[in-house]
file query_24.cif (mmCIF, C-alpha atoms and all ligand atoms)
data_my_file
loop_
_atom_site.label_atom_id
_atom_site.label_comp_id
_atom_site.auth_asym_id
_atom_site.auth_seq_id
_atom_site.Cartn_x
_atom_site.Cartn_y
_atom_site.Cartn_z
CA MET A 354 -14.27 -5.00 -16.33
CA ARG A 355 -13.64 -3.08 -13.15
CA PRO A 356 -10.50 -4.27 -11.37
CA VAL A 357 -10.01 -5.23 -7.76
CA ILE A 358 -7.20 -3.26 -6.13
CA VAL A 359 -5.23 -4.80 -3.32
CA LYS A 360 -2.46 -3.35 -1.21
CA LEU A 361 -0.08 -5.65 0.58
CA GLY A 362 1.25 -3.71 3.52
CA GLY A 363 4.94 -3.49 4.18
CA SER A 364 4.15 -4.71 7.69
CA VAL A 365 2.79 -7.93 6.23
CA ILE A 366 5.38 -8.85 3.63
CA THR A 367 8.53 -7.69 5.47
CA ASP A 368 9.83 -7.77 8.99
CA LYS A 369 9.81 -4.08 9.83
CA ARG A 370 12.23 -4.61 12.72
CA LYS A 371 14.98 -6.05 10.51
CA PRO A 372 16.29 -4.10 7.51
CA PHE A 373 15.77 -5.75 4.13
CA THR A 374 14.03 -8.83 5.50
CA VAL A 375 11.15 -10.40 3.61
CA LYS A 376 8.62 -12.76 5.13
CA ARG A 377 8.99 -15.46 2.49
CA ALA A 378 6.40 -17.89 3.82
CA VAL A 379 3.83 -15.10 4.13
CA ILE A 380 4.51 -13.91 0.58
CA ARG A 381 4.09 -17.46 -0.74
CA ARG A 382 0.80 -17.86 1.12
CA LEU A 383 -0.50 -14.52 -0.14
CA ALA A 384 0.38 -15.52 -3.71
CA ARG A 385 -1.72 -18.70 -3.26
CA GLU A 386 -4.62 -16.60 -1.94
CA LEU A 387 -4.38 -14.09 -4.78
CA LYS A 388 -4.48 -16.91 -7.31
CA GLU A 389 -8.07 -17.54 -6.33
CA VAL A 390 -9.26 -14.09 -7.35
CA TRP A 391 -10.85 -14.24 -10.79
CA GLU A 392 -11.52 -10.55 -11.44
CA PRO A 393 -8.79 -8.34 -12.99
CA LEU A 394 -6.36 -7.52 -10.23
CA VAL A 395 -3.98 -4.64 -9.54
CA ILE A 396 -1.49 -5.26 -6.75
CA VAL A 397 0.30 -2.48 -4.85
CA HIS A 398 2.76 -3.15 -2.07
CA GLY A 399 4.36 -1.07 0.64
CA GLY A 400 8.00 -0.54 1.52
CA GLY A 401 8.31 -2.12 4.95
CA SER A 402 11.90 -2.65 5.97
CA PHE A 403 13.15 -2.09 2.40
CA GLY A 404 12.08 1.43 1.44
CA HIS A 405 11.47 3.25 4.70
CA PRO A 406 14.89 3.06 6.42
CA LEU A 407 16.69 4.43 3.33
CA ALA A 408 14.06 7.09 2.65
CA LEU A 409 14.48 8.24 6.25
CA LYS A 410 18.27 8.18 6.15
CA TYR A 411 18.40 10.39 3.07
CA ARG A 412 15.38 12.50 4.10
CA ILE A 413 13.76 11.95 0.73
CA ALA A 414 10.19 12.68 1.78
CA GLU A 415 11.31 16.23 2.67
CA GLY A 416 12.32 16.88 -0.93
CA TYR A 417 15.57 17.45 -2.79
CA ARG A 418 17.99 19.74 -0.99
CA HIS A 419 21.46 18.39 -1.52
CA ARG A 420 23.47 16.37 -4.05
CA LYS A 421 24.23 13.79 -1.34
CA GLN A 422 20.60 12.72 -1.54
CA LEU A 423 21.01 11.54 -5.15
CA ILE A 424 22.74 8.30 -4.24
CA GLY A 425 20.07 7.81 -1.56
CA ILE A 426 17.32 8.20 -4.13
CA SER A 427 19.02 5.56 -6.25
CA HIS A 428 19.41 3.20 -3.26
CA THR A 429 15.83 3.66 -2.07
CA HIS A 430 14.41 2.90 -5.48
CA LEU A 431 16.59 -0.19 -5.90
CA ALA A 432 15.55 -1.48 -2.46
CA MET A 433 11.92 -1.23 -3.55
CA GLU A 434 12.67 -3.01 -6.81
CA ARG A 435 14.31 -5.83 -4.85
CA LEU A 436 11.25 -6.24 -2.65
CA ASN A 437 9.03 -6.06 -5.74
CA ARG A 438 11.03 -8.85 -7.32
CA HIS A 439 10.46 -11.15 -4.33
CA LEU A 440 6.76 -10.61 -4.74
CA ILE A 441 6.70 -11.02 -8.51
CA GLU A 442 8.63 -14.29 -8.25
CA ALA A 443 6.20 -15.68 -5.68
CA LEU A 444 3.22 -14.66 -7.81
CA GLN A 445 4.77 -16.24 -10.90
CA SER A 446 5.36 -19.49 -9.01
CA GLU A 447 1.60 -19.69 -8.55
CA GLY A 448 1.05 -19.07 -12.24
CA ILE A 449 -0.08 -15.45 -11.81
CA PRO A 450 1.08 -13.37 -14.82
CA ALA A 451 2.44 -10.56 -12.64
CA MET A 452 4.32 -7.68 -14.19
CA ALA A 453 6.13 -4.91 -12.34
CA CYS A 454 4.99 -1.35 -13.01
CA GLN A 455 7.59 1.16 -11.92
CA PRO A 456 5.73 4.11 -10.37
CA SER A 457 8.69 6.50 -10.62
CA ALA A 458 8.77 6.02 -14.41
CA CYS A 459 5.15 7.00 -14.98
CA THR A 460 4.23 9.36 -12.14
CA LEU A 461 4.87 12.97 -11.16
CA THR A 462 3.84 14.42 -7.85
CA ALA A 463 3.51 18.00 -6.61
CA ASN A 464 4.26 18.40 -2.90
CA GLY A 465 3.89 14.66 -2.48
CA ARG A 466 0.48 14.33 -4.14
CA ILE A 467 0.06 12.62 -7.51
CA GLU A 468 -0.18 15.20 -10.24
CA SER A 469 -0.08 12.84 -13.21
CA MET A 470 0.30 9.13 -13.76
CA ASP A 471 0.39 7.61 -17.21
CA LEU A 472 -1.98 4.69 -16.84
CA ARG A 473 -2.12 3.71 -20.51
CA PRO A 474 0.34 0.78 -20.24
CA LEU A 475 -1.34 -0.39 -17.04
CA ARG A 476 -4.79 -0.36 -18.65
CA LYS A 477 -3.38 -2.38 -21.56
CA MET A 478 -1.86 -4.88 -19.15
CA LEU A 479 -5.23 -5.34 -17.48
CA ALA A 480 -6.99 -5.70 -20.81
CA LEU A 481 -4.58 -8.48 -21.78
CA GLY A 482 -5.01 -10.29 -18.48
CA LEU A 483 -1.67 -9.39 -16.95
CA VAL A 484 -1.51 -8.47 -13.25
CA PRO A 485 0.30 -5.14 -12.72
CA VAL A 486 2.28 -4.89 -9.49
CA LEU A 487 3.16 -1.39 -8.24
CA TYR A 488 4.86 -0.24 -5.07
CA GLY A 489 5.59 2.75 -2.90
CA ASP A 490 8.45 4.54 -4.63
CA VAL A 491 10.68 7.64 -4.83
CA VAL A 492 9.13 9.85 -7.50
CA LEU A 493 10.02 13.14 -9.14
CA ASP A 494 8.11 16.05 -7.71
CA ALA A 495 7.26 19.27 -9.54
CA ALA A 496 7.50 21.40 -6.39
CA GLN A 497 10.10 19.78 -4.15
CA GLY A 498 12.27 17.80 -6.56
CA VAL A 499 11.54 14.36 -5.15
CA SER A 500 8.99 12.82 -2.85
CA ILE A 501 7.94 9.50 -1.47
CA LEU A 502 4.77 8.22 -3.05
CA SER A 503 3.08 5.81 -0.67
CA GLY A 504 1.39 2.65 -1.84
CA ASP A 505 -1.69 3.89 0.02
CA GLN A 506 -1.96 7.08 -2.01
CA MET A 507 -1.45 5.06 -5.18
CA VAL A 508 -4.27 2.68 -4.24
CA SER A 509 -6.65 5.56 -3.75
CA TYR A 510 -5.63 7.18 -7.06
CA LEU A 511 -5.81 3.95 -9.04
CA ALA A 512 -9.18 3.04 -7.55
CA ARG A 513 -10.58 6.38 -8.73
CA LYS A 514 -9.02 6.32 -12.18
CA LEU A 515 -9.73 2.67 -12.90
CA GLY A 516 -13.15 2.58 -11.25
CA ALA A 517 -12.26 -0.24 -8.88
CA SER A 518 -14.95 -2.70 -7.92
CA ARG A 519 -13.29 -3.42 -4.61
CA VAL A 520 -10.36 -2.03 -2.64
CA VAL A 521 -8.68 -4.05 0.07
CA LEU A 522 -5.71 -3.02 2.21
CA GLY A 523 -3.92 -5.85 3.95
CA VAL A 524 -2.11 -4.94 7.16
CA ASP A 525 -0.76 -6.93 10.13
CA VAL A 526 -3.54 -6.05 12.58
CA ASP A 527 -7.27 -6.82 12.44
CA GLY A 528 -8.24 -3.40 11.06
CA VAL A 529 -8.38 0.14 12.39
CA PHE A 530 -8.58 0.46 16.17
CA THR A 531 -9.38 3.35 18.47
CA SER A 532 -5.61 3.49 19.12
CA CYS A 533 -2.60 1.40 18.13
CA PRO A 534 -3.43 -2.17 19.20
CA LYS A 535 0.24 -3.04 19.57
CA LYS A 536 0.71 -0.38 22.22
CA ASP A 537 -2.71 -0.13 23.84
CA SER A 538 -4.36 -3.29 25.14
CA ARG A 539 -7.67 -1.43 25.49
CA ALA A 540 -7.74 -0.46 21.81
CA ARG A 541 -11.10 -1.34 20.26
CA LEU A 542 -11.58 -2.49 16.67
CA LEU A 543 -13.69 -0.11 14.59
CA ARG A 544 -16.00 -1.94 12.19
CA VAL A 545 -16.94 1.03 10.02
CA ILE A 546 -15.39 4.46 9.41
CA THR A 547 -17.25 7.07 7.36
CA PRO A 548 -16.40 10.62 6.25
CA GLU A 549 -18.33 11.82 9.31
CA ASP A 550 -15.70 10.35 11.63
CA VAL A 551 -13.28 13.23 10.98
CA GLU A 552 -12.44 13.82 14.65
CA LEU A 553 -11.74 10.20 15.28
CA VAL A 554 -9.31 10.04 12.37
CA GLN A 555 -7.62 13.29 13.46
CA SER A 556 -7.07 11.82 16.89
CA MET A 557 -5.21 8.82 15.52
CA GLU A 558 -1.47 8.67 15.94
CA LYS A 559 0.16 10.40 13.00
CA GLU A 560 3.51 8.79 12.47
CA ALA A 561 4.35 5.14 12.54
CA ARG A 562 7.89 4.64 13.86
CA GLY A 563 10.46 4.26 11.10
CA ASP A 564 7.79 4.93 8.50
CA VAL A 565 7.91 7.86 6.11
CA THR A 566 4.36 7.69 4.85
CA GLY A 567 2.17 8.33 7.85
CA GLY A 568 0.98 4.96 9.18
CA MET A 569 -2.63 4.01 9.81
CA ARG A 570 -4.02 7.53 9.93
CA ALA A 571 -2.75 8.31 6.43
CA LYS A 572 -4.27 5.06 5.14
CA VAL A 573 -7.66 5.92 6.53
CA GLN A 574 -7.45 9.44 5.11
CA GLU A 575 -6.66 8.10 1.63
CA LEU A 576 -9.53 5.65 1.79
CA LEU A 577 -11.97 8.28 3.05
CA GLU A 578 -11.31 10.16 -0.18
CA LEU A 579 -12.62 7.09 -1.99
CA ALA A 580 -15.56 6.66 0.33
CA ARG A 581 -16.65 10.21 -0.49
CA LEU A 582 -16.80 9.13 -4.14
CA GLY A 583 -18.82 6.03 -3.30
CA ILE A 584 -15.94 3.55 -3.59
CA GLU A 585 -15.90 1.28 -0.58
CA ALA A 586 -12.68 -0.08 0.87
CA GLU A 587 -11.76 -2.42 3.65
CA ILE A 588 -8.66 -2.72 5.83
CA VAL A 589 -8.10 -6.35 6.85
CA ASN A 590 -5.52 -8.51 8.54
CA ALA A 591 -3.52 -10.12 5.72
CA ALA A 592 -1.21 -11.74 8.26
CA ARG A 593 -4.06 -14.14 9.11
CA PRO A 594 -4.44 -16.93 6.57
CA ASN A 595 -7.36 -16.65 4.13
CA VAL A 596 -8.63 -13.25 5.31
CA LEU A 597 -7.28 -11.39 2.28
CA ARG A 598 -8.62 -14.01 -0.10
CA GLU A 599 -12.12 -13.84 1.38
CA ALA A 600 -12.10 -10.04 1.35
CA LEU A 601 -11.01 -9.97 -2.29
CA LYS A 602 -13.70 -12.43 -3.23
CA GLY A 603 -16.26 -10.01 -1.88
CA LYS A 604 -16.83 -10.97 1.77
CA ARG A 605 -17.38 -7.86 3.88
CA GLY A 606 -16.99 -7.08 7.54
CA LEU A 607 -13.71 -8.96 8.02
CA GLY A 608 -11.89 -5.88 9.26
CA THR A 609 -12.68 -2.16 9.10
CA MET A 610 -14.86 -0.90 6.25
CA ILE A 611 -14.21 2.63 5.05
CA THR A 612 -17.44 3.60 3.41
CA GLY A 613 -19.79 6.44 2.56
CA GLY A 614 -22.58 5.75 5.03
CA LYS A 615 -23.20 3.57 8.07
P1 LIG B 701 1.82 -1.16 6.27
O1 LIG B 701 3.31 -1.04 6.39
O2 LIG B 701 1.36 -2.57 6.33
O3 LIG B 701 1.21 -0.40 5.18
P2 LIG B 701 1.75 0.39 8.67
O4 LIG B 701 2.83 -0.29 9.46
O5 LIG B 701 2.03 1.69 8.05
O6 LIG B 701 1.19 -0.60 7.58
O7 LIG B 701 0.42 0.51 9.53
C1 LIG B 701 -0.05 -0.61 10.22
C2 LIG B 701 0.35 -0.46 11.66
O8 LIG B 701 -0.26 0.73 12.18
C3 LIG B 701 -0.10 -1.55 12.56
O9 LIG B 701 0.85 -2.57 12.59
C4 LIG B 701 -0.24 -0.86 13.91
O10 LIG B 701 0.85 -1.15 14.73
C5 LIG B 701 -0.19 0.63 13.58
N1 LIG B 701 -1.31 1.44 14.11
C6 LIG B 701 -1.18 2.68 14.63
N2 LIG B 701 -2.36 3.18 14.99
C7 LIG B 701 -3.29 2.23 14.69
C8 LIG B 701 -4.71 2.15 14.82
N3 LIG B 701 -5.42 3.16 15.35
N4 LIG B 701 -5.34 1.03 14.40
C9 LIG B 701 -4.63 0.00 13.85
N5 LIG B 701 -3.29 0.02 13.71
C10 LIG B 701 -2.61 1.11 14.12
#
call {"tool": "encode", "arguments": {"input": "query_24.cif", "output": "structure tokens"}}
result
Amino acid sequence: MRPVIVKLGGSVITDKRKPFTVKRAVIRRLARELKEVWEPLVIVHGGGSFGHPLALKYRIAEGYRHRKQLIGISHTHLAMERLNRHLIEALQSEGIPAMACQPSACTLTANGRIESMDLRPLRKMLALGLVPVLYGDVVLDAAQGVSILSGDQMVSYLARKLGASRVVLGVDVDGVFTSCPKKDSRARLLRVITPEDVELVQSMEKEARGDVTGGMRAKVQELLELARLGIEAEIVNAARPNVLREALKGKRGLGTMITGGK
């Protein structure tokens, strides 16, 4: 069976303004919503206030340059494992057989792009009925030593390799806007983005503050890769109760669809 792939944004499950702060009530609610999805599920989550501040401090996304970064690599990875544990525990409390999948142990990148990922254990987990939970991570990189692999890139890769039936990205805003809705009150929600909207995507703000993986623009770019292959995705507001659940159950048009044709 084709799995559903869901990304829980770091902006949803952590408080990005406070280092190492999880939104416990939100995580519990999301676990209840995910429990209602009956198809095989792969969960990926972002770094939020756990991974990003450390990755920035030790300049990990720029690659390995100095021994001093080694302890930073270790810290960044552990921070992500801690956040992952919060999520796994919440999922387990709802009876979801969640199992952590450590991306850095099965993935190599080259200049920040996935070169290989051993998906055999993950496929076996799915076949058994387990729910793999992956996360943005520090990974070893063939060209630059180390890199930061975003949850968004992983979602796009997994969707292609596993032939996802549905891809949903949960963020803390209603979808993709013409500009950042937190800064621009005139920002307009875009209902559909297709590969033809190249200029629009280029014009989007590149870097999210304190974020090492490129913010909303990078998300849209990853999902456009899928759209070109005929795999439709949607970016929805997972901070609003029940939106993620409905999207995962197949309801469309709740946020911004990234798709092959209008
Ligand atoms: P996450 O951590 O959940 O993966 P990000 O924080 O990287 O997500 O991206 C979501 C954030 O992107 C939103 O909270 C919003 O402030 C910001 N943003 C910037 N530009 C846009 C845009 N054009 N449309 C929607 N959100 C945007």
call {"tool": "closest_residue", "arguments": {"input": "query_24.cif", "among": "A:His439, A:Arg570, A:Arg381, A:Arg412", "to": "ligand LIG 701 (chain B)", "atoms": "all atoms listed in the file"}}
result
A:Arg570
call {"tool": "residues_around", "arguments": {"input": "query_24.cif", "residues": "region 573-588 of chain A", "least_positions_apart": "2", "cutoff": "10 Å", "atoms": "only C-alpha atoms", "output": "PDB file with C-alpha atoms, in the frame of the given file"}}
result
ATOM      1  CA  ILE A 358      -7.200  -3.260  -6.130  1.00  0.00           C
ATOM      2  CA  VAL A 359      -5.230  -4.800  -3.320  1.00  0.00           C
ATOM      3  CA  LYS A 360      -2.460  -3.350  -1.210  1.00  0.00           C
ATOM      4  CA  ASP A 505      -1.690   3.890   0.020  1.00  0.00           C
ATOM      5  CA  GLN A 506      -1.960   7.080  -2.010  1.00  0.00           C
ATOM      6  CA  MET A 507      -1.450   5.060  -5.180  1.00  0.00           C
ATOM      7  CA  VAL A 508      -4.270   2.680  -4.240  1.00  0.00           C
ATOM      8  CA  SER A 509      -6.650   5.560  -3.750  1.00  0.00           C
ATOM      9  CA  TYR A 510      -5.630   7.180  -7.060  1.00  0.00           C
ATOM     10  CA  ALA A 512      -9.180   3.040  -7.550  1.00  0.00           C
ATOM     11  CA  ARG A 513     -10.580   6.380  -8.730  1.00  0.00           C
ATOM     12  CA  GLY A 516     -13.150   2.580 -11.250  1.00  0.00           C
ATOM     13  CA  ALA A 517     -12.260  -0.240  -8.880  1.00  0.00           C
ATOM     14  CA  SER A 518     -14.950  -2.700  -7.920  1.00  0.00           C
ATOM     15  CA  ARG A 519     -13.290  -3.420  -4.610  1.00  0.00           C
ATOM     16  CA  VAL A 520     -10.360  -2.030  -2.640  1.00  0.00           C
ATOM     17  CA  VAL A 521      -8.680  -4.050   0.070  1.00  0.00           C
ATOM     18  CA  LEU A 522      -5.710  -3.020   2.210  1.00  0.00           C
ATOM     19  CA  GLY A 523      -3.920  -5.850   3.950  1.00  0.00           C
ATOM     20  CA  VAL A 524      -2.110  -4.940   7.160  1.00  0.00           C
ATOM     21  CA  ASP A 525      -0.760  -6.930  10.130  1.00  0.00           C
ATOM     22  CA  VAL A 526      -3.540  -6.050  12.580  1.00  0.00           C
ATOM     23  CA  ASP A 527      -7.270  -6.820  12.440  1.00  0.00           C
ATOM     24  CA  GLY A 528      -8.240  -3.400  11.060  1.00  0.00           C
ATOM     25  CA  VAL A 529      -8.380   0.140  12.390  1.00  0.00           C
ATOM     26  CA  ARG A 544     -16.000  -1.940  12.190  1.00  0.00           C
ATOM     27  CA  VAL A 545     -16.940   1.030  10.020  1.00  0.00           C
ATOM     28  CA  ILE A 546     -15.390   4.460   9.410  1.00  0.00           C
ATOM     29  CA  THR A 547     -17.250   7.070   7.360  1.00  0.00           C
ATOM     30  CA  PRO A 548     -16.400  10.620   6.250  1.00  0.00           C
ATOM     31  CA  GLU A 549     -18.330  11.820   9.310  1.00  0.00           C
ATOM     32  CA  ASP A 550     -15.700  10.350  11.630  1.00  0.00           C
ATOM     33  CA  VAL A 551     -13.280  13.230  10.980  1.00  0.00           C
ATOM     34  CA  VAL A 554      -9.310  10.040  12.370  1.00  0.00           C
ATOM     35  CA  GLN A 555      -7.620  13.290  13.460  1.00  0.00           C
ATOM     36  CA  MET A 557      -5.210   8.820  15.520  1.00  0.00           C
ATOM     37  CA  GLY A 568       0.980   4.960   9.180  1.00  0.00           C
ATOM     38  CA  MET A 569      -2.630   4.010   9.810  1.00  0.00           C
ATOM     39  CA  ARG A 570      -4.020   7.530   9.930  1.00  0.00           C
ATOM     40  CA  ALA A 571      -2.750   8.310   6.430  1.00  0.00           C
ATOM     41  CA  ASN A 590      -5.520  -8.510   8.540  1.00  0.00           C
ATOM     42  CA  ALA A 591      -3.520 -10.120   5.720  1.00  0.00           C
ATOM     43  CA  LEU A 597      -7.280 -11.390   2.280  1.00  0.00           C
ATOM     44  CA  ALA A 600     -12.100 -10.040   1.350  1.00  0.00           C
ATOM     45  CA  LEU A 601     -11.010  -9.970  -2.290  1.00  0.00           C
ATOM     46  CA  ARG A 605     -17.380  -7.860   3.880  1.00  0.00           C
ATOM     47  CA  GLY A 606     -16.990  -7.080   7.540  1.00  0.00           C
ATOM     48  CA  LEU A 607     -13.710  -8.960   8.020  1.00  0.00           C
ATOM     49  CA  GLY A 608     -11.890  -5.880   9.260  1.00  0.00           C
ATOM     50  CA  THR A 609     -12.680  -2.160   9.100  1.00  0.00           C
ATOM     51  CA  MET A 610     -14.860  -0.900   6.250  1.00  0.00           C
ATOM     52  CA  ILE A 611     -14.210   2.630   5.050  1.00  0.00           C
ATOM     53  CA  THR A 612     -17.440   3.600   3.410  1.00  0.00           C
ATOM     54  CA  GLY A 613     -19.790   6.440   2.560  1.00  0.00           C
ATOM     55  CA  GLY A 614     -22.580   5.750   5.030  1.00  0.00           C
TER      56      GLY A 614
END
call {"tool": "closest_residue", "arguments": {"input": "query_24.cif", "among": "A:Lys602, A:Arg438, A:Arg382, A:His398", "to": "ligand LIG 701 (chain B)", "atoms": "only C-alpha atoms and all ligand atoms"}}
result
A:His398
call {"tool": "atom_distance", "arguments": {"input": "query_24.cif", "atom1": "CA of Lys514 (chain A)", "atom2": "CA of Leu361 (chain A)"}}
result
19.6 Å
call {"tool": "residues_around", "arguments": {"input": "query_24.cif", "residues": "Ile449 (chain A)", "least_positions_apart": "2", "cutoff": "9 Å", "atoms": "all atoms listed in the file", "output": "PyMOL selection string"}}
result
chain A and resi 384+387-388+441+443-447+451+483-484
call {"tool": "write_last_selection", "arguments": {"input": "query_24.cif", "atoms": "C-alpha atoms", "output": "short mmCIF file (atom, residue, chain, number, x, y, z; two decimals), in the coordinates of the input"}}
result
data_model
loop_
_atom_site.label_atom_id
_atom_site.label_comp_id
_atom_site.auth_asym_id
_atom_site.auth_seq_id
_atom_site.Cartn_x
_atom_site.Cartn_y
_atom_site.Cartn_z
CA ALA A 384 0.38 -15.52 -3.71
CA LEU A 387 -4.38 -14.09 -4.78
CA LYS A 388 -4.48 -16.91 -7.31
CA ILE A 441 6.70 -11.02 -8.51
CA ALA A 443 6.20 -15.68 -5.68
CA LEU A 444 3.22 -14.66 -7.81
CA GLN A 445 4.77 -16.24 -10.90
CA SER A 446 5.36 -19.49 -9.01
CA GLU A 447 1.60 -19.69 -8.55
CA ALA A 451 2.44 -10.56 -12.64
CA LEU A 483 -1.67 -9.39 -16.95
CA VAL A 484 -1.51 -8.47 -13.25
#
call {"tool": "closest_residue", "arguments": {"input": "query_24.cif", "among": "A:Gly482, A:Gly425, A:Gly404, A:Gly363", "to": "ligand LIG 701 (chain B)", "atoms": "all atoms listed in the file"}}
result
A:Gly363
call {"tool": "decode", "arguments": {"input": "query_24.cif", "residues": "region 575-596 of chain A", "atoms": "C-alpha atoms", "output": "compact mmCIF listing (two decimals), in the first residue's frame"}}
result
# COMPACT_ATOMS: atom_id res chain seq x y z
CA GLU A 575 10.92 20.62 -2.73
CA LEU A 576 7.23 20.02 -3.29
CA LEU A 577 7.35 21.35 -6.85
CA GLU A 578 9.83 18.57 -7.61
CA LEU A 579 7.08 16.15 -6.59
CA ALA A 580 4.40 17.98 -8.52
CA ARG A 581 6.50 17.59 -11.68
CA LEU A 582 6.34 13.83 -11.10
CA GLY A 583 2.59 13.90 -10.59
CA ILE A 584 2.66 13.59 -6.79
CA GLU A 585 0.39 16.19 -5.26
CA ALA A 586 1.16 17.81 -1.92
CA GLU A 587 -0.54 20.29 0.32
CA ILE A 588 0.78 22.78 2.87
CA VAL A 589 -1.75 23.28 5.67
CA ASN A 590 -2.03 24.93 9.05
CA ALA A 591 -1.36 22.17 11.59
CA ALA A 592 -1.60 24.70 14.42
CA ARG A 593 -5.37 24.79 13.84
CA PRO A 594 -7.16 21.82 15.36
CA ASN A 595 -8.33 19.10 12.96
CA VAL A 596 -6.88 20.62 9.79
